[in-house]
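Just below is one structure, and these are the notes that go with it.
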Amino acid sequence: MDPAFRDAVYQIVAAIPSGAVSSYGAVARQAGFPPPARFVGRLMSQLPGDTRLPWHRVLRGDGRIALAGTPAGEEQVQRLRNENVTVLSGRVPRQYFLGR
């Protein structure tokens, strides 16, 4: 994967404030590169366990937790709730998305 794309994605994700979320597609578009949203998801899945990057703030475009029903998905939900983000039935309401 292009290191410039990776670095741009990491910078964008790091800038998502607590209590807000973005989508994989929005992050890819902000990075200004042609790779689709799935590459953002791949980058998030490859982060080390001790990362400080707020990966949990990146969701599917419809607000669904991509990893619902898995340990990582449960961790994502808990982290979002700890930031006062509402998660209902595995989905975050649009009001929490940046630039809505």
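Identifiers for the structure tokens are assigned positionally: chains receive A, B, ... in sequence, residues are indexed from 1 per chain, and ligands are indexed from 1 in the order shown.
Near Gln76 in chain A, within a cut-off of 8 Å and counting only C-alpha atoms, sit the residues His56, Arg57 and Ile65 of chain A, with same-chain residues fewer than 5 positions away left out.
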What would the file look like if the residues just selected were written as a PDB file, in the first residue's frame with all heavy atoms?
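To be explicit, this is the file written out as part26.pdb:
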ATOM      1  N   HIS A  56     -11.478   3.404  16.400  1.00  0.00           N
ATOM      2  CA  HIS A  56     -12.874   3.109  16.727  1.00  0.00           C
ATOM      3  C   HIS A  56     -13.832   4.194  16.234  1.00  0.00           C
ATOM      4  O   HIS A  56     -15.038   3.976  16.190  1.00  0.00           O
ATOM      5  CB  HIS A  56     -13.026   2.921  18.242  1.00  0.00           C
ATOM      6  CG  HIS A  56     -12.644   4.118  19.044  1.00  0.00           C
ATOM      7  ND1 HIS A  56     -11.327   4.460  19.279  1.00  0.00           N
ATOM      8  CD2 HIS A  56     -13.393   5.079  19.620  1.00  0.00           C
ATOM      9  CE1 HIS A  56     -11.294   5.571  20.000  1.00  0.00           C
ATOM     10  NE2 HIS A  56     -12.528   5.970  20.214  1.00  0.00           N
ATOM     11  N   ARG A  57     -13.311   5.331  15.819  1.00  0.00           N
ATOM     12  CA  ARG A  57     -14.146   6.437  15.332  1.00  0.00           C
ATOM     13  C   ARG A  57     -14.419   6.361  13.831  1.00  0.00           C
ATOM     14  O   ARG A  57     -15.025   7.267  13.274  1.00  0.00           O
ATOM     15  CB  ARG A  57     -13.475   7.767  15.673  1.00  0.00           C
ATOM     16  CG  ARG A  57     -13.344   7.985  17.168  1.00  0.00           C
ATOM     17  CD  ARG A  57     -12.667   9.297  17.492  1.00  0.00           C
ATOM     18  NE  ARG A  57     -12.403   9.363  18.919  1.00  0.00           N
ATOM     19  CZ  ARG A  57     -11.391  10.030  19.450  1.00  0.00           C
ATOM     20  NH1 ARG A  57     -10.566  10.724  18.676  1.00  0.00           N
ATOM     21  NH2 ARG A  57     -11.215  10.020  20.754  1.00  0.00           N
ATOM     22  N   ILE A  65     -21.391  -0.528  12.656  1.00  0.00           N
ATOM     23  CA  ILE A  65     -20.107  -1.031  13.133  1.00  0.00           C
ATOM     24  C   ILE A  65     -19.719  -2.172  12.194  1.00  0.00           C
ATOM     25  O   ILE A  65     -20.448  -3.159  12.063  1.00  0.00           O
ATOM     26  CB  ILE A  65     -20.223  -1.562  14.581  1.00  0.00           C
ATOM     27  CG1 ILE A  65     -20.739  -0.471  15.529  1.00  0.00           C
ATOM     28  CG2 ILE A  65     -18.903  -2.155  15.058  1.00  0.00           C
ATOM     29  CD1 ILE A  65     -19.837   0.696  15.729  1.00  0.00           C
TER      30      ILE A  65
END
Need to verify the contact set: Gln78 in chain A, 10 Å, only C-alpha atoms, exclusion of same-chain residues closer than 6 positions in sequence. Can you return it as a PyMOL selection string? chain A and resi 56+72+84-85+87
Can I get the selected residues back with all heavy atoms, as an mmCIF file, in the first residue's frame?
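Generated output (selection.cif):
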data_model
loop_
_atom_site.group_PDB
_atom_site.id
_atom_site.type_symbol
_atom_site.label_atom_id
_atom_site.label_comp_id
_atom_site.auth_asym_id
_atom_site.auth_seq_id
_atom_site.Cartn_x
_atom_site.Cartn_y
_atom_site.Cartn_z
ATOM 1 N N HIS A 56 -11.478 3.404 16.400
ATOM 2 C CA HIS A 56 -12.874 3.109 16.727
ATOM 3 C C HIS A 56 -13.832 4.194 16.234
ATOM 4 O O HIS A 56 -15.038 3.976 16.190
ATOM 5 C CB HIS A 56 -13.026 2.921 18.242
ATOM 6 C CG HIS A 56 -12.644 4.118 19.044
ATOM 7 N ND1 HIS A 56 -11.327 4.460 19.279
ATOM 8 C CD2 HIS A 56 -13.393 5.079 19.620
ATOM 9 C CE1 HIS A 56 -11.294 5.571 20.000
ATOM 10 N NE2 HIS A 56 -12.528 5.970 20.214
ATOM 11 N N ALA A 72 -13.534 -7.267 18.515
ATOM 12 C CA ALA A 72 -13.101 -5.927 18.101
ATOM 13 C C ALA A 72 -14.302 -5.002 17.954
ATOM 14 O O ALA A 72 -14.240 -3.819 18.312
ATOM 15 C CB ALA A 72 -12.316 -5.997 16.788
ATOM 16 N N ASN A 84 -19.356 9.099 24.836
ATOM 17 C CA ASN A 84 -20.733 9.603 24.777
ATOM 18 C C ASN A 84 -21.334 9.595 23.376
ATOM 19 O O ASN A 84 -22.180 10.426 23.040
ATOM 20 C CB ASN A 84 -20.843 10.996 25.398
ATOM 21 C CG ASN A 84 -20.504 10.959 26.865
ATOM 22 O OD1 ASN A 84 -20.996 10.097 27.590
ATOM 23 N ND2 ASN A 84 -19.645 11.860 27.294
ATOM 24 N N VAL A 85 -20.886 8.652 22.549
ATOM 25 C CA VAL A 85 -21.480 8.437 21.227
ATOM 26 C C VAL A 85 -22.543 7.353 21.392
ATOM 27 O O VAL A 85 -22.273 6.291 21.949
ATOM 28 C CB VAL A 85 -20.412 7.994 20.195
ATOM 29 C CG1 VAL A 85 -21.059 7.595 18.881
ATOM 30 C CG2 VAL A 85 -19.389 9.090 19.993
ATOM 31 N N VAL A 87 -24.752 4.325 20.397
ATOM 32 C CA VAL A 87 -24.714 3.180 19.477
ATOM 33 C C VAL A 87 -25.976 2.374 19.746
ATOM 34 O O VAL A 87 -26.169 1.862 20.843
ATOM 35 C CB VAL A 87 -23.464 2.303 19.693
ATOM 36 C CG1 VAL A 87 -23.445 1.152 18.692
ATOM 37 C CG2 VAL A 87 -22.189 3.120 19.600
#
Apply DSSP to the structure's backbone, then extract all residues of range 7-92 of chain A labelled strand (DSSP E or B) and return them as a list in words. Val21, Ser22, Ser23, Val58, Leu59, Arg64, Leu88 and Arg91 of chain A
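Of the residues under consideration (A:Leu98, A:Val9, A:Ala15, A:Val92), A:Val9 shows the shortest atom-to-atom contact distance to Phe39 in chain A when counting only C-alpha atoms.
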So which residues touch Gly41 in chain A within 9 Å, counting only C-alpha atoms, skipping near sequence neighbours fewer than 5 positions away, as number ranges by chain? A: 24, 46, 58-59, 66
Any chance you could export the current selection's C-alpha atoms as an mmCIF file, in the first residue's frame?
data_model
loop_
_atom_site.group_PDB
_atom_site.id
_atom_site.type_symbol
_atom_site.label_atom_id
_atom_site.label_comp_id
_atom_site.auth_asym_id
_atom_site.auth_seq_id
_atom_site.Cartn_x
_atom_site.Cartn_y
_atom_site.Cartn_z
ATOM 1 C CA TYR A 24 -14.117 4.717 5.734
ATOM 2 C CA GLN A 46 -3.564 -3.817 10.684
ATOM 3 C CA VAL A 58 -14.205 5.121 11.744
ATOM 4 C CA LEU A 59 -17.406 3.361 10.660
ATOM 5 C CA ALA A 66 -18.185 -3.027 10.522
#
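Proximity to Ala4 in chain A at 10 Å, evaluated using only C-alpha atoms and with sequence-adjacent residues fewer than 4 positions away removed, yields Ala8, Val9, Tyr10, Ala31 and Phe33 of chain A.
Between Gly49 in chain A and the candidates A:Glu75, A:Arg91, A:Gly63, A:Arg29, the tightest atom-to-atom separation, counting only C-alpha atoms, involves A:Glu75.
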Would you give me, as a PyMOL selection string, the residues in chain A that DSSP reads as alpha helix (DSSP H)? chain A and resi 3-14+24-31+37-45+71-82
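Remark: for Leu47 in chain A, the closest of the candidate residues A:Pro93, A:Glu83, A:Arg6, A:Gly61 is A:Arg6 (distances computed over only C-alpha atoms).
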